[in-house]
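K.L.:
One structure, as structure tokens, below. Some questions next.
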Amino acid sequence: MANFFTDNPDLKFHLTHPLMEKIVALKERNFADKDKFDYAPMDFEDAMDSYEKVLEIVGEICGDIVAPNAESVDQEGPKIVNNEVIYAKGTQENLEALVEAGLMGITLPRKYEGLNFPIVPYIMAADIVSRADAGFVNIWGLQDCAETINEFASEEQKQKYLPRISNGETAAMDLTEPDAGSDLQAVQLKATFNEEDGRWYLNGVKRFITNGDGHVSLVLARSEDATQDGRGLSMFIYDRNEKAVIVRRIENKMGIKGSPTCELVFKNAPAELVGSRKMGLIKYVMALMNGARLGIGAQSIGISEAAYREGLEYANERKQFGKSIIQFPAVYEMLSTMKAKLDASRTLLYETSRMVDMYKTYMHISEERKLEPEERKEMKRYQKMADFFTPLLKGMTSEYSNQLAYDSLQIHGGSGFMKDYPIERIYRDARITSIYEGTTQLQVVAAIRGVTTGGYLDRIREYEAMELRPELHGYRRTLIGMTEEYVHAVKTVVEVKDNEYIDFHARRLVEMAGHIVMGYLLLLDTQRDEKFKSSTEIYIKMGKSENQARAEFIHSFALDDLGAYKHM
């Protein structure tokens, strides 16, 4: 029997990070629930034991059910019957297994029938599920929407919807439209308040909606007349039981084919306003999207894990010229670099998840009592870091996911191009990760603030000062040199004082920061466990050479050179 948690010791390594003790104590309010709920932990060790046991269950279901179903789900896909999305047989089996195991509403408070887990073990579960079937995680992982309801909805709405999600109902986030993709300020779906019955009604079309026929949907709609920008948008909850939405079609996609991507038509669909009017995009969708981007990070890393394992297995088994192809430098270099990128991606995922855990838990505590000055300071610090790290995570890990899938297929040669091997599906599934929930280019737009304001540099300096064993100091010296090169490159770009020029070089600068951050995180992992040393060495070498190339390009570039790129 396969278990996708126990067969990957790197997961337990990240689960047991030293900061988890503080995260758990805050999340559990010093274990105040232990006398109210028989499944609430008594102390830190009890909580960690619970997380591990649940992740073992996730791993077992993924190894024994979700992964074996992935190929048939990819072939069968969902369909529309009587205006209802019917999942592929394997998808339904996957969902039933996870619901039966109580694995919905993982992060929700126990009073809403959730497990009250921190973000870290939830994201770890998403990492595991994504390795098994990247398309299925889109259905299961949309329980993220419940976090937004828990954060911003009224208590009445929380009581009404959150237990339903905890008990297995699915969710959706209905944001994009035919003319409002990346530019959500252009959303036109109309929300009208009826004075007679005191209800809101939605009319219009949404497109590219993942799991669009979910039971509980968060819908971005224009509630304010005579507005054209984000200030006229509000957030609403639509309940599928209202039966006022037509599923016009399911898109025929390149990958993640088990996940229904729908076009929806709202026809006088009753809905409930979440929070305050006009805050839909400005506040609520930003929070929703940041959670989704963390989820895409987990999905990207699950895909990378699957791609790496497929490539490694094939390279060991395939013999050419009298020996396994893994013995050829061209192949073992590819695989070792893939592993380094995978380890770097995963350490960034859990670093970012811990930041989100810290600030969100403090935020929820602040609704129960006044935070101490030191607590408020810590909340703001972690929130600021999470805001910088989330787009960096989504951008870097989704690009690496595509690279690992590409390289794994290349290792398979012609066999990888056939449907006989899982890598063909994995390769197709990976492609969407750098597109949805904000393309890599849009992640750069969000992340460049961390470059120009010094946000990444501040955190890099903190990493630089952390304790290391003497034998690891050489890696730190390399990273310090990379940091000085990065500082110089940033200064060169910013001093031009031209926004278009900054935008042109933004991705180079963000990726330079990413290589340094991920290099340090791998180094700190090696400080805790020697098994990461090879990945640390390979990743820092790779990052150094890539940063040098980016710096050279920047220093040899002038403002007037932009013109050459505008003649298409």
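We label chains A, B, ... in the order they appear in the structure tokens, count residues from 1 in each chain, and number ligands from 1 in the order shown.
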Give me every helix (DSSP H, G or I) residue in stretch 269-306 of chain A, going by DSSP on the backbone, as a ChimeraX atom specification.
P.N.:
/A:280-306
K.L.:
Compile the contact shell of A:Gln527 as a ChimeraX atom specification: residues with an atom at most 8 Å away, counting only C-alpha atoms, same-chain residues fewer than 6 positions apart removed.
P.N.:
/A:468-469,472
K.L.:
Need the shell around A:Glu263: protein/DNA/RNA residues with any atom at most 7 Å away, counting only C-alpha atoms. Skip same-chain ones fewer than 2 positions apart. Format as a CSV table (one decimal) with N, CA, C and O atoms, in the first residue's frame?
P.N.:
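Result file result16.csv:
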```
chain,number,residue,atom,x,y,z
A,206,LYS,N,-19.9,34.6,-15.8
A,206,LYS,CA,-18.6,34.4,-15.3
A,206,LYS,C,-17.9,33.3,-16.1
A,206,LYS,O,-18.6,32.3,-16.6
A,207,ARG,N,-16.6,33.4,-16.4
A,207,ARG,CA,-15.9,32.4,-17.2
A,207,ARG,C,-14.6,31.9,-16.6
A,207,ARG,O,-14.0,32.6,-15.8
A,208,PHE,N,-14.2,30.7,-16.9
A,208,PHE,CA,-13.0,30.1,-16.4
A,208,PHE,C,-13.1,29.9,-14.9
A,208,PHE,O,-12.2,30.2,-14.1
A,209,ILE,N,-14.3,29.4,-14.4
A,209,ILE,CA,-14.5,29.3,-13.0
A,209,ILE,C,-14.3,27.8,-12.6
A,209,ILE,O,-15.0,26.9,-13.0
A,247,VAL,N,-25.1,26.5,-15.9
A,247,VAL,CA,-23.7,26.1,-16.3
A,247,VAL,C,-23.7,25.9,-17.8
A,247,VAL,O,-24.2,24.9,-18.4
A,248,ARG,N,-23.2,27.0,-18.5
A,248,ARG,CA,-23.4,27.0,-19.9
A,248,ARG,C,-22.5,26.0,-20.6
A,248,ARG,O,-22.8,25.3,-21.6
A,249,ARG,N,-21.2,25.8,-20.1
A,249,ARG,CA,-20.4,24.8,-20.6
A,249,ARG,C,-19.2,24.5,-19.7
A,249,ARG,O,-18.9,25.3,-18.8
A,250,ILE,N,-18.6,23.4,-19.9
A,250,ILE,CA,-17.3,23.0,-19.3
A,250,ILE,C,-16.2,23.2,-20.4
A,250,ILE,O,-16.3,22.6,-21.4
A,265,VAL,N,-23.9,31.4,-16.1
A,265,VAL,CA,-24.8,32.5,-16.4
A,265,VAL,C,-25.7,32.7,-15.2
A,265,VAL,O,-26.4,31.8,-14.8
```
K.L.:
Write out as a PyMOL selection string each polymer residue whose atoms come within 12 Å of A:Phe388, counting only C-alpha atoms; drop sequence neighbours fewer than 4 positions from it.
P.N.:
chain A and resi 290+351-352+355-356+381-384+392-395+443-459+510+513-514+517
K.L.:
Per residue of stretch 424-494 of chain A within 9 Å of stretch 127-147 of chain A, record the nearest atom pair and its distance in Å to one decimal, counting only C-alpha atoms, with rows in chain order and ascending residue number, as a tab-separated table.
P.N.:
```
residue	atom	partner	partner_atom	distance
A:Ile426	CA	A:Ala134	CA	7.9
A:Asp429	CA	A:Ala134	CA	6.5
A:Ala430	CA	A:Ala134	CA	8.1
```
K.L.:
Grab the residues selected above and save them as a PDB file, in the first residue's frame with C-alpha atoms.
P.N.:
```pdb
ATOM      1  CA  ILE A 426       1.855  15.621 -15.509  1.00  0.00           C
ATOM      2  CA  ASP A 429      -1.155  19.583 -15.802  1.00  0.00           C
ATOM      3  CA  ALA A 430       1.906  21.664 -14.921  1.00  0.00           C
TER       4      ALA A 430
END
```
